[in-house]
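Structure file coords09.cif with mmCIF, C-alpha atoms and all ligand atoms:
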```cif
data_protein
loop_
_atom_site.group_PDB
_atom_site.id
_atom_site.type_symbol
_atom_site.label_atom_id
_atom_site.label_comp_id
_atom_site.auth_asym_id
_atom_site.auth_seq_id
_atom_site.Cartn_x
_atom_site.Cartn_y
_atom_site.Cartn_z
ATOM 1 C CA MET A 27 0.000 0.000 0.000
ATOM 2 C CA ARG A 28 1.519 3.300 -1.136
ATOM 3 C CA ILE A 29 0.594 6.209 1.117
ATOM 4 C CA ILE A 30 0.656 9.982 0.748
ATOM 5 C CA LEU A 31 0.918 11.332 4.303
ATOM 6 C CA VAL A 32 -0.406 14.832 4.995
ATOM 7 C CA GLY A 33 0.986 16.399 8.172
ATOM 8 C CA TYR A 34 4.239 14.471 7.590
ATOM 9 C CA GLU A 35 6.333 16.336 10.187
ATOM 10 C CA GLY A 36 3.660 16.593 12.897
ATOM 11 C CA HIS A 37 3.521 14.408 16.016
ATOM 12 C CA MET A 38 1.022 12.079 14.383
ATOM 13 C CA GLY A 39 2.763 12.203 11.028
ATOM 14 C CA ARG A 40 5.892 10.844 12.698
ATOM 15 C CA GLU A 41 3.872 8.113 14.452
ATOM 16 C CA VAL A 42 2.291 7.010 11.168
ATOM 17 C CA ARG A 43 5.740 6.823 9.567
ATOM 18 C CA ALA A 44 6.988 4.645 12.446
ATOM 19 C CA SER A 45 3.935 2.361 12.343
ATOM 20 C CA ALA A 46 4.034 2.054 8.543
ATOM 21 C CA GLY A 47 7.730 1.138 8.769
ATOM 22 C CA ARG A 48 6.792 -1.917 10.850
ATOM 23 C CA LEU A 49 4.273 -3.181 8.288
ATOM 24 C CA GLU A 50 5.008 -5.262 5.229
ATOM 25 C CA LYS A 51 4.108 -3.940 1.777
ATOM 26 C CA THR A 52 3.331 -0.514 3.236
ATOM 27 C CA GLU A 53 5.245 2.561 2.197
ATOM 28 C CA ILE A 54 4.969 6.318 2.629
ATOM 29 C CA VAL A 55 5.691 7.447 -0.922
ATOM 30 C CA CYS A 56 5.362 11.179 -0.280
ATOM 31 C CA GLY A 57 4.665 13.542 2.589
ATOM 32 C CA VAL A 58 2.850 16.859 2.354
ATOM 33 C CA ASP A 59 3.510 19.489 4.987
ATOM 34 C CA PRO A 60 3.166 23.233 4.352
ATOM 35 C CA MET A 61 5.185 24.074 7.488
ATOM 36 C CA ILE A 62 8.519 22.563 6.388
ATOM 37 C CA LYS A 63 11.264 24.986 5.349
ATOM 38 C CA GLU A 64 11.955 23.435 1.961
ATOM 39 C CA ASP A 65 10.834 20.503 -0.156
ATOM 40 C CA THR A 66 12.828 17.291 0.219
ATOM 41 C CA GLU A 67 12.758 13.959 -1.589
ATOM 42 C CA ALA A 68 10.437 12.628 1.121
ATOM 43 C CA CYS A 69 8.119 15.566 1.675
ATOM 44 C CA VAL A 70 6.774 18.558 -0.247
ATOM 45 C CA ARG A 71 4.962 21.671 0.926
ATOM 46 C CA SER A 72 2.220 21.719 -1.689
ATOM 47 C CA PHE A 73 -0.143 19.100 -3.117
ATOM 48 C CA ALA A 74 0.719 20.452 -6.576
ATOM 49 C CA ASP A 75 4.244 19.047 -6.172
ATOM 50 C CA VAL A 76 3.245 15.469 -5.314
ATOM 51 C CA ARG A 77 4.599 13.359 -8.175
ATOM 52 C CA ALA A 78 4.460 9.872 -6.615
ATOM 53 C CA GLU A 79 1.863 7.281 -7.534
ATOM 54 C CA ALA A 80 -0.137 6.202 -4.498
ATOM 55 C CA ASP A 81 -3.051 4.054 -3.308
ATOM 56 C CA VAL A 82 -4.333 6.174 -0.440
ATOM 57 C CA VAL A 83 -3.974 9.497 1.402
ATOM 58 C CA ILE A 84 -3.731 9.649 5.206
ATOM 59 C CA ASP A 85 -4.244 13.070 6.783
ATOM 60 C CA PHE A 86 -3.188 14.136 10.274
ATOM 61 C CA SER A 87 -2.720 17.870 9.776
ATOM 62 C CA HIS A 88 -4.887 20.950 10.315
ATOM 63 C CA HIS A 89 -8.515 21.481 9.373
ATOM 64 C CA SER A 90 -7.610 24.576 7.329
ATOM 65 C CA MET A 91 -6.148 22.143 4.766
ATOM 66 C CA THR A 92 -9.499 20.364 4.284
ATOM 67 C CA ARG A 93 -10.482 21.983 0.972
ATOM 68 C CA GLU A 94 -7.169 21.460 -0.836
ATOM 69 C CA LEU A 95 -6.877 17.972 0.647
ATOM 70 C CA LEU A 96 -10.312 16.984 -0.717
ATOM 71 C CA ASP A 97 -9.584 18.594 -4.101
ATOM 72 C CA PHE A 98 -6.304 16.680 -4.327
ATOM 73 C CA ALA A 99 -7.823 13.305 -3.361
ATOM 74 C CA LYS A 100 -10.721 13.803 -5.791
ATOM 75 C CA ALA A 101 -8.458 14.916 -8.659
ATOM 76 C CA ARG A 102 -6.219 11.859 -8.147
ATOM 77 C CA ASN A 103 -9.211 9.590 -7.403
ATOM 78 C CA LEU A 104 -7.554 8.422 -4.170
ATOM 79 C CA PRO A 105 -9.261 7.034 -1.071
ATOM 80 C CA LEU A 106 -8.766 9.312 1.921
ATOM 81 C CA VAL A 107 -8.278 8.539 5.602
ATOM 82 C CA LEU A 108 -9.180 11.767 7.375
ATOM 83 C CA ALA A 109 -7.900 11.878 10.925
ATOM 84 C CA THR A 110 -7.556 15.633 11.451
ATOM 85 C CA THR A 111 -10.121 17.068 13.869
ATOM 86 C CA GLY A 112 -11.618 20.513 14.461
ATOM 87 C CA GLN A 113 -13.314 20.981 11.072
ATOM 88 C CA THR A 114 -15.945 23.702 10.667
ATOM 89 C CA GLU A 115 -19.531 22.909 9.614
ATOM 90 C CA GLU A 116 -18.679 23.975 6.051
ATOM 91 C CA GLU A 117 -15.635 21.741 5.977
ATOM 92 C CA HIS A 118 -17.740 18.814 7.214
ATOM 93 C CA LEU A 119 -20.209 19.491 4.433
ATOM 94 C CA ALA A 120 -17.373 19.457 1.886
ATOM 95 C CA ILE A 121 -16.168 16.117 3.304
ATOM 96 C CA ARG A 122 -19.637 14.594 2.905
ATOM 97 C CA GLU A 123 -19.801 15.925 -0.672
ATOM 98 C CA ALA A 124 -16.371 14.489 -1.513
ATOM 99 C CA ALA A 125 -17.473 11.094 -0.166
ATOM 100 C CA LYS A 126 -19.930 10.931 -3.067
ATOM 101 C CA GLU A 127 -16.915 10.739 -5.401
ATOM 102 C CA ILE A 128 -14.210 8.923 -3.416
ATOM 103 C CA PRO A 129 -14.062 6.621 -0.364
ATOM 104 C CA VAL A 130 -13.497 8.735 2.764
ATOM 105 C CA PHE A 131 -12.793 7.225 6.175
ATOM 106 C CA LEU A 132 -13.613 9.751 8.889
ATOM 107 C CA ALA A 133 -13.059 9.205 12.593
ATOM 108 C CA ALA A 134 -12.285 11.651 15.359
ATOM 109 C CA ASN A 135 -10.437 8.837 17.085
ATOM 110 C CA TYR A 136 -8.775 5.870 15.392
ATOM 111 C CA SER A 137 -8.348 3.763 18.525
ATOM 112 C CA LEU A 138 -10.347 0.566 18.850
ATOM 113 C CA GLY A 139 -10.951 1.350 22.538
ATOM 114 C CA ILE A 140 -12.874 4.524 21.714
ATOM 115 C CA ALA A 141 -15.067 2.586 19.286
ATOM 116 C CA VAL A 142 -15.838 0.151 22.121
ATOM 117 C CA LEU A 143 -16.413 3.030 24.583
ATOM 118 C CA THR A 144 -18.879 4.637 22.146
ATOM 119 C CA ASP A 145 -20.808 1.391 21.921
ATOM 120 C CA LEU A 146 -20.823 0.965 25.726
ATOM 121 C CA VAL A 147 -22.107 4.528 26.228
ATOM 122 C CA LYS A 148 -25.100 3.879 23.961
ATOM 123 C CA ARG A 149 -25.869 0.601 25.707
ATOM 124 C CA ALA A 150 -25.588 2.132 29.191
ATOM 125 C CA LEU A 151 -27.827 5.089 28.319
ATOM 126 C CA ALA A 152 -30.528 2.757 27.026
ATOM 127 C CA LEU A 153 -30.548 1.227 30.527
ATOM 128 C CA TYR A 154 -30.428 4.593 32.358
ATOM 129 C CA PRO A 155 -32.983 6.784 30.567
ATOM 130 C CA ASP A 156 -33.069 9.407 33.339
ATOM 131 C CA ALA A 157 -29.396 9.520 34.273
ATOM 132 C CA GLU A 158 -27.360 12.709 33.984
ATOM 133 C CA VAL A 159 -24.408 12.596 31.582
ATOM 134 C CA GLU A 160 -21.174 14.575 31.527
ATOM 135 C CA ILE A 161 -18.179 14.128 29.212
ATOM 136 C CA VAL A 162 -14.689 15.073 30.390
ATOM 137 C CA GLU A 163 -11.650 14.979 28.132
ATOM 138 C CA GLU A 164 -7.985 15.627 28.768
ATOM 139 C CA HIS A 165 -5.217 16.315 26.231
ATOM 140 C CA HIS A 166 -1.694 17.711 25.970
ATOM 141 C CA ASP A 167 -1.171 21.473 26.072
ATOM 142 C CA ARG A 168 -0.464 21.751 22.312
ATOM 143 C CA LYS A 169 -3.916 20.604 21.217
ATOM 144 C CA LEU A 170 -5.620 23.281 19.114
ATOM 145 C CA ASP A 171 -9.311 22.337 19.258
ATOM 146 C CA ALA A 172 -11.571 22.037 22.321
ATOM 147 C CA PRO A 173 -13.603 20.090 23.120
ATOM 148 C CA SER A 174 -11.845 17.272 21.306
ATOM 149 C CA GLY A 175 -13.384 15.761 18.174
ATOM 150 C CA THR A 176 -13.708 12.533 20.163
ATOM 151 C CA ALA A 177 -15.690 14.246 22.941
ATOM 152 C CA LEU A 178 -18.016 15.652 20.265
ATOM 153 C CA SER A 179 -18.428 12.224 18.682
ATOM 154 C CA LEU A 180 -19.200 10.759 22.150
ATOM 155 C CA PHE A 181 -21.848 13.461 22.494
ATOM 156 C CA ASP A 182 -23.239 12.394 19.082
ATOM 157 C CA ALA A 183 -23.472 8.856 20.464
ATOM 158 C CA VAL A 184 -25.455 10.169 23.459
ATOM 159 C CA LYS A 185 -27.713 12.052 21.049
ATOM 160 C CA GLU A 186 -28.440 8.867 19.109
ATOM 161 C CA VAL A 187 -30.053 7.443 22.253
ATOM 162 C CA ARG A 188 -31.402 10.789 23.531
ATOM 163 C CA PRO A 189 -32.308 13.065 20.608
ATOM 164 C CA GLU A 190 -33.180 15.878 23.036
ATOM 165 C CA ALA A 191 -29.633 15.998 24.467
ATOM 166 C CA ARG A 192 -28.048 19.476 24.474
ATOM 167 C CA ALA A 193 -24.291 19.994 24.556
ATOM 168 C CA VAL A 194 -23.187 22.456 27.243
ATOM 169 C CA MET A 195 -19.557 23.518 26.845
ATOM 170 C CA GLY A 196 -18.291 24.146 30.348
ATOM 171 C CA ARG A 197 -20.725 25.372 32.944
ATOM 172 C CA SER A 198 -19.894 29.028 33.344
ATOM 173 C CA GLY A 199 -23.019 31.185 32.974
ATOM 174 C CA GLN A 200 -25.228 28.171 32.341
ATOM 175 C CA GLY A 201 -27.255 28.348 35.569
ATOM 176 C CA LYS A 202 -28.951 25.256 36.940
ATOM 177 C CA ARG A 203 -28.412 21.982 35.152
ATOM 178 C CA GLN A 204 -31.290 21.042 32.858
ATOM 179 C CA PRO A 205 -32.259 17.371 32.344
ATOM 180 C CA GLU A 206 -31.289 17.471 28.644
ATOM 181 C CA ASP A 207 -27.856 19.013 29.361
ATOM 182 C CA VAL A 208 -24.715 17.033 28.604
ATOM 183 C CA GLY A 209 -21.692 18.909 29.928
ATOM 184 C CA LEU A 210 -18.511 18.776 27.843
ATOM 185 C CA HIS A 211 -15.338 19.704 29.713
ATOM 186 C CA ALA A 212 -11.809 20.048 28.345
ATOM 187 C CA ILE A 213 -8.576 19.840 30.328
ATOM 188 C CA ARG A 214 -5.347 20.912 28.577
ATOM 189 C CA MET A 215 -2.024 20.182 30.251
ATOM 190 C CA GLY A 216 1.290 18.421 29.948
ATOM 191 C CA ASN A 217 1.699 15.599 27.491
ATOM 192 C CA THR A 218 -1.563 13.651 27.932
ATOM 193 C CA VAL A 219 -2.126 11.662 24.738
ATOM 194 C CA GLY A 220 -5.887 11.512 25.230
ATOM 195 C CA LYS A 221 -8.275 10.635 28.030
ATOM 196 C CA HIS A 222 -12.056 10.538 27.673
ATOM 197 C CA GLN A 223 -14.553 9.931 30.444
ATOM 198 C CA VAL A 224 -18.292 9.576 30.108
ATOM 199 C CA ILE A 225 -19.918 9.953 33.527
ATOM 200 C CA ILE A 226 -23.447 8.624 33.870
ATOM 201 C CA GLY A 227 -25.061 9.408 37.212
ATOM 202 C CA THR A 228 -28.335 9.127 39.084
ATOM 203 C CA GLN A 229 -29.076 10.290 42.630
ATOM 204 C CA ASN A 230 -27.999 6.822 43.845
ATOM 205 C CA GLU A 231 -25.020 5.753 41.768
ATOM 206 C CA THR A 232 -22.399 6.881 39.263
ATOM 207 C CA LEU A 233 -20.999 4.889 36.382
ATOM 208 C CA THR A 234 -17.785 6.264 34.864
ATOM 209 C CA LEU A 235 -16.594 4.854 31.545
ATOM 210 C CA THR A 236 -13.002 5.855 30.832
ATOM 211 C CA HIS A 237 -10.694 5.426 27.887
ATOM 212 C CA GLN A 238 -7.052 6.392 28.191
ATOM 213 C CA ALA A 239 -4.670 6.351 25.245
ATOM 214 C CA TRP A 240 -1.090 5.760 26.429
ATOM 215 C CA SER A 241 0.612 6.259 23.102
ATOM 216 C CA ARG A 242 -0.133 8.056 19.834
ATOM 217 C CA GLY A 243 0.800 4.784 18.155
ATOM 218 C CA VAL A 244 -2.750 3.583 18.766
ATOM 219 C CA PHE A 245 -4.124 6.275 16.402
ATOM 220 C CA ALA A 246 -1.408 5.667 13.810
ATOM 221 C CA ASP A 247 -2.072 1.904 13.762
ATOM 222 C CA GLY A 248 -5.817 2.548 13.492
ATOM 223 C CA SER A 249 -5.369 4.960 10.576
ATOM 224 C CA LEU A 250 -3.275 2.374 8.713
ATOM 225 C CA LYS A 251 -5.971 -0.270 9.322
ATOM 226 C CA ALA A 252 -8.532 2.198 7.980
ATOM 227 C CA ALA A 253 -6.353 2.789 4.899
ATOM 228 C CA ALA A 254 -6.128 -0.961 4.248
ATOM 229 C CA PHE A 255 -9.891 -1.228 4.766
ATOM 230 C CA LEU A 256 -10.502 1.396 2.036
ATOM 231 C CA MET A 257 -8.612 -0.562 -0.637
ATOM 232 C CA GLY A 258 -11.105 -1.599 -3.298
ATOM 233 C CA LYS A 259 -14.018 0.244 -1.637
ATOM 234 C CA GLY A 260 -16.361 2.475 -3.616
ATOM 235 C CA PRO A 261 -17.174 6.113 -2.824
ATOM 236 C CA GLY A 262 -18.812 6.653 0.555
ATOM 237 C CA LEU A 263 -18.241 7.813 4.105
ATOM 238 C CA TYR A 264 -16.771 5.092 6.326
ATOM 239 C CA ASP A 265 -16.062 5.141 10.066
ATOM 240 C CA MET A 266 -14.824 2.947 12.921
ATOM 241 C CA LYS A 267 -18.132 1.068 12.937
ATOM 242 C CA SER A 268 -17.436 0.035 9.327
ATOM 243 C CA LEU A 269 -14.026 -1.260 10.419
ATOM 244 C CA LEU A 270 -15.409 -3.155 13.444
ATOM 245 C CA ASN A 271 -18.227 -4.702 11.395
ATOM 246 C CA ASN A 272 -15.686 -5.761 8.792
ATOM 247 C CA ALA A 273 -13.723 -7.619 11.491
ATOM 248 C CA ASP A 274 -16.735 -9.846 12.312
HETATM 249 N N1 LIG A 301 -8.408 10.992 14.620
HETATM 250 C C1 LIG A 301 -7.477 10.640 15.519
HETATM 251 O O1 LIG A 301 -7.449 9.483 15.998
HETATM 252 C C2 LIG A 301 -6.446 11.662 15.938
HETATM 253 C C3 LIG A 301 -5.448 11.328 16.868
HETATM 254 C C4 LIG A 301 -4.473 12.281 17.167
HETATM 255 C C5 LIG A 301 -4.512 13.535 16.564
HETATM 256 N N2 LIG A 301 -5.526 13.811 15.695
HETATM 257 C C6 LIG A 301 -5.611 15.092 15.003
HETATM 258 O O2 LIG A 301 -4.600 15.112 14.005
HETATM 259 C C7 LIG A 301 -4.185 16.474 13.790
HETATM 260 C C8 LIG A 301 -2.666 16.573 13.928
HETATM 261 O O3 LIG A 301 -2.303 16.243 15.244
HETATM 262 P P1 LIG A 301 -0.771 16.326 15.728
HETATM 263 O O4 LIG A 301 -0.775 16.000 17.171
HETATM 264 O O5 LIG A 301 0.102 15.542 14.798
HETATM 265 O O6 LIG A 301 -0.502 17.874 15.542
HETATM 266 P P2 LIG A 301 0.882 18.612 15.211
HETATM 267 O O7 LIG A 301 0.655 20.036 15.543
HETATM 268 O O8 LIG A 301 2.014 17.891 15.821
HETATM 269 O O9 LIG A 301 0.992 18.458 13.615
HETATM 270 C C9 LIG A 301 0.157 19.198 12.742
HETATM 271 C C10 LIG A 301 0.621 18.996 11.312
HETATM 272 O O10 LIG A 301 -0.232 19.775 10.463
HETATM 273 C C11 LIG A 301 0.554 20.687 9.693
HETATM 274 N N3 LIG A 301 -0.226 21.927 9.466
HETATM 275 C C12 LIG A 301 -0.726 22.329 8.295
HETATM 276 N N4 LIG A 301 -1.367 23.493 8.402
HETATM 277 C C13 LIG A 301 -1.286 23.872 9.687
HETATM 278 C C14 LIG A 301 -1.762 24.994 10.424
HETATM 279 N N5 LIG A 301 -2.432 25.992 9.833
HETATM 280 N N6 LIG A 301 -1.510 25.026 11.754
HETATM 281 C C15 LIG A 301 -0.859 24.013 12.375
HETATM 282 N N7 LIG A 301 -0.377 22.918 11.714
HETATM 283 C C16 LIG A 301 -0.584 22.864 10.387
HETATM 284 C C17 LIG A 301 1.817 20.891 10.505
HETATM 285 O O11 LIG A 301 2.879 21.274 9.690
HETATM 286 C C18 LIG A 301 2.030 19.487 11.081
HETATM 287 O O12 LIG A 301 2.619 18.628 10.140
HETATM 288 C C19 LIG A 301 -4.974 17.318 14.805
HETATM 289 O O13 LIG A 301 -6.143 17.802 14.178
HETATM 290 C C20 LIG A 301 -5.350 16.308 15.874
HETATM 291 O O14 LIG A 301 -6.496 16.682 16.609
HETATM 292 C C21 LIG A 301 -6.478 12.893 15.369
#
```
Let me see the structure of the file written as structure tokens.
Amino acid sequence: MRIILVGYEGHMGREVRASAGRLEKTEIVCGVDPMIKEDTEACVRSFADVRAEADVVIDFSHHSMTRELLDFAKARNLPLVLATTGQTEEEHLAIREAAKEIPVFLAANYSLGIAVLTDLVKRALALYPDAEVEIVEEHHDRKLDAPSGTALSLFDAVKEVRPEARAVMGRSGQGKRQPEDVGLHAIRMGNTVGKHQVIIGTQNETLTLTHQAWSRGVFADGSLKAAAFLMGKGPGLYDMKSLLNNAD
């Protein structure tokens, strides 16, 4: 599998390179990173300068690159693994449009554990229709977006079971908690790779479901699995559920 890696010099870009290096028949044929000082044999600053033939694009960069990334993947008819988070509504719309032309794998979190956590949250909420729910996430101090894309996707999972759920970012100025409120709280410090907690509580008990990523390698491995999954797939929007169902 020949990969074009967007965000080549970022933390995740380096993890994907390390993970790909451990796999057979998997090669990063070109990196794209607008922040590097000058083009090298391995990595260029602009999509226009990508000459290598490839089978798939993996993106761990910045949401501001969404448009040119989608244009590039569509023009080259390449499947796209989109791992960057923090996209605007408009960018999300563009992603859904692009998925009508090419296969796009989109996940705010490529770890298997988060896919399992998401499933557990939905199952628990079906059993606790009146429980209060809060989502707390913790990441390193360099993270740009808050709350994390994963926290937002956990909220989406809550909303699947409770359509009336309302996301409340922090609690300042919110007044008394309303039954439909789901608090989302972001902690930013140190080098935390990623911790997500979904707290489900009644007046009598509290159930806390926690996922902790210990290494960025978990996201890199997941993105490479997603890339392999996309081989031979038709246009469409795929996610971690598609990957889990495929493993059955
Ligand atoms: N889906 C997942 O499982 C998952 C896991 C980890 C990180 N992420 C996301 O991947 C992205 C990259 O994460 P990272 O930790 O490697 O970040 P990083 O800051 O270390 O790297 C960002 C990369 O994007 C490039 N870039 C392009 N335009 C940029 C801009 N305007 N501002 C900043 N950087 C720009 C940088 O050059 C760099 O290569 C983030 O959106 C992060 O939230 C997703």
Would you tabulate, counting only C-alpha atoms and all ligand atoms, all residues of chain A that have an atom at most 7 Å from an atom of ligand LIG 301 (chain A), showing the closest pair of atoms and their distance in Å to one decimal, sorted by chain then ascending number, as a Markdown table?
```
| residue | atom | partner | partner_atom | distance |
| --- | --- | --- | --- | --- |
| A:Gly33 | CA | A:LIG301 | O12 | 3.4 |
| A:Tyr34 | CA | A:LIG301 | O12 | 5.1 |
| A:Glu35 | CA | A:LIG301 | O12 | 4.4 |
| A:Gly36 | CA | A:LIG301 | O9 | 3.3 |
| A:His37 | CA | A:LIG301 | O8 | 3.8 |
| A:Met38 | CA | A:LIG301 | O5 | 3.6 |
| A:Gly39 | CA | A:LIG301 | O5 | 5.7 |
| A:Asp59 | CA | A:LIG301 | O11 | 5.1 |
| A:Pro60 | CA | A:LIG301 | C12 | 5.6 |
| A:Met61 | CA | A:LIG301 | O11 | 4.2 |
| A:Ile62 | CA | A:LIG301 | O11 | 6.7 |
| A:Phe86 | CA | A:LIG301 | O2 | 4.1 |
| A:Ser87 | CA | A:LIG301 | O10 | 3.2 |
| A:His88 | CA | A:LIG301 | C13 | 4.7 |
| A:His89 | CA | A:LIG301 | O13 | 6.5 |
| A:Ser90 | CA | A:LIG301 | N5 | 5.9 |
| A:Met91 | CA | A:LIG301 | N4 | 6.2 |
| A:Ala109 | CA | A:LIG301 | N1 | 3.8 |
| A:Thr110 | CA | A:LIG301 | O13 | 3.8 |
| A:Thr111 | CA | A:LIG301 | O13 | 4.1 |
| A:Gly112 | CA | A:LIG301 | O13 | 6.1 |
| A:Ala133 | CA | A:LIG301 | N1 | 5.4 |
| A:Ala134 | CA | A:LIG301 | N1 | 4.0 |
| A:Asn135 | CA | A:LIG301 | O1 | 3.2 |
| A:Tyr136 | CA | A:LIG301 | O1 | 3.9 |
| A:Ser137 | CA | A:LIG301 | O1 | 6.3 |
| A:Lys169 | CA | A:LIG301 | O14 | 6.6 |
| A:Asp171 | CA | A:LIG301 | O14 | 6.8 |
| A:Arg242 | CA | A:LIG301 | C4 | 6.6 |
| A:Phe245 | CA | A:LIG301 | O1 | 4.6 |
```
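The space between CA of Met195 in chain A and CA of Glu160 in chain A spans 10.2 Å.
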Contacts between range 64-83 of chain A and range 92-134 of chain A, please, where a residue of range 92-134 of chain A counts if it comes within 9 Å (with all atoms listed in the file); show its shortest atom pair and distance in Å to one decimal, rows by chain and ascending number, as a Markdown table.
```
| residue | atom | partner | partner_atom | distance |
| --- | --- | --- | --- | --- |
| A:Glu94 | CA | A:Phe73 | CA | 7.8 |
| A:Leu95 | CA | A:Phe73 | CA | 7.8 |
| A:Phe98 | CA | A:Phe73 | CA | 6.7 |
| A:Ala99 | CA | A:Val83 | CA | 7.2 |
| A:Leu104 | CA | A:Val82 | CA | 5.4 |
| A:Pro105 | CA | A:Val82 | CA | 5.0 |
| A:Leu106 | CA | A:Val83 | CA | 4.8 |
| A:Val107 | CA | A:Val83 | CA | 6.1 |
| A:Leu108 | CA | A:Val83 | CA | 8.2 |
```
Residues of the last selection are to be written out with C-alpha atoms, as a tab-separated table (two decimals), in the coordinates of the input.
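Okay, this is what ended up in selection_29.tsv:
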```tsv
chain	number	residue	atom	x	y	z
A	94	GLU	CA	-7.17	21.46	-0.84
A	95	LEU	CA	-6.88	17.97	0.65
A	98	PHE	CA	-6.30	16.68	-4.33
A	99	ALA	CA	-7.82	13.30	-3.36
A	104	LEU	CA	-7.55	8.42	-4.17
A	105	PRO	CA	-9.26	7.03	-1.07
A	106	LEU	CA	-8.77	9.31	1.92
A	107	VAL	CA	-8.28	8.54	5.60
A	108	LEU	CA	-9.18	11.77	7.38
```
Selection dump of the PyMOL selection byres (((chain A and resi 197) around 12) and not hetatm), as a PyMOL selection string
chain A and resi 160+193-196+198-204+207-212
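Between CA of Leu263 in chain A and CA of Gly243 in chain A the separation is 23.9 Å.
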Excluding same-chain residues fewer than 2 positions from Val42 in chain A, what lies within 8 Å of it counting all atoms listed in the file, as a compact mmCIF listing (two decimals) with C-alpha atoms, in the frame of the given file?
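Saved file around_19.txt follows:
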```txt
# COMPACT_ATOMS: atom_id res chain seq x y z
CA MET A 38 1.02 12.08 14.38
CA GLY A 39 2.76 12.20 11.03
CA ARG A 40 5.89 10.84 12.70
CA ALA A 44 6.99 4.64 12.45
CA SER A 45 3.94 2.36 12.34
CA ALA A 46 4.03 2.05 8.54
CA GLY A 243 0.80 4.78 18.16
CA ALA A 246 -1.41 5.67 13.81
CA ASP A 247 -2.07 1.90 13.76
CA SER A 249 -5.37 4.96 10.58
CA LEU A 250 -3.28 2.37 8.71
```
Shell around Val162 in chain A at 12 Å using all atoms listed in the file, local window under 5 positions removed, as a PyMOL selection string:
chain A and resi 172-174+176-178+180-181+194-196+208-214+220-226+234-238
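In this structure, CA of Gly258 in chain A sits 14.5 Å away from CA of Ala125 in chain A.
Proximity ranking of A:Arg188, A:Arg102, A:Lys148, A:His166 relative to Ile128 in chain A places A:Arg102 first, based on only C-alpha atoms.
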Pick out the closest residue to Ile121 in chain A from this set: A:Arg43, A:Lys63, A:Arg93, A:Lys267. Count only C-alpha atoms.
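Residue with the minimum atom-to-atom distance to Ile121 in chain A: A:Arg93.
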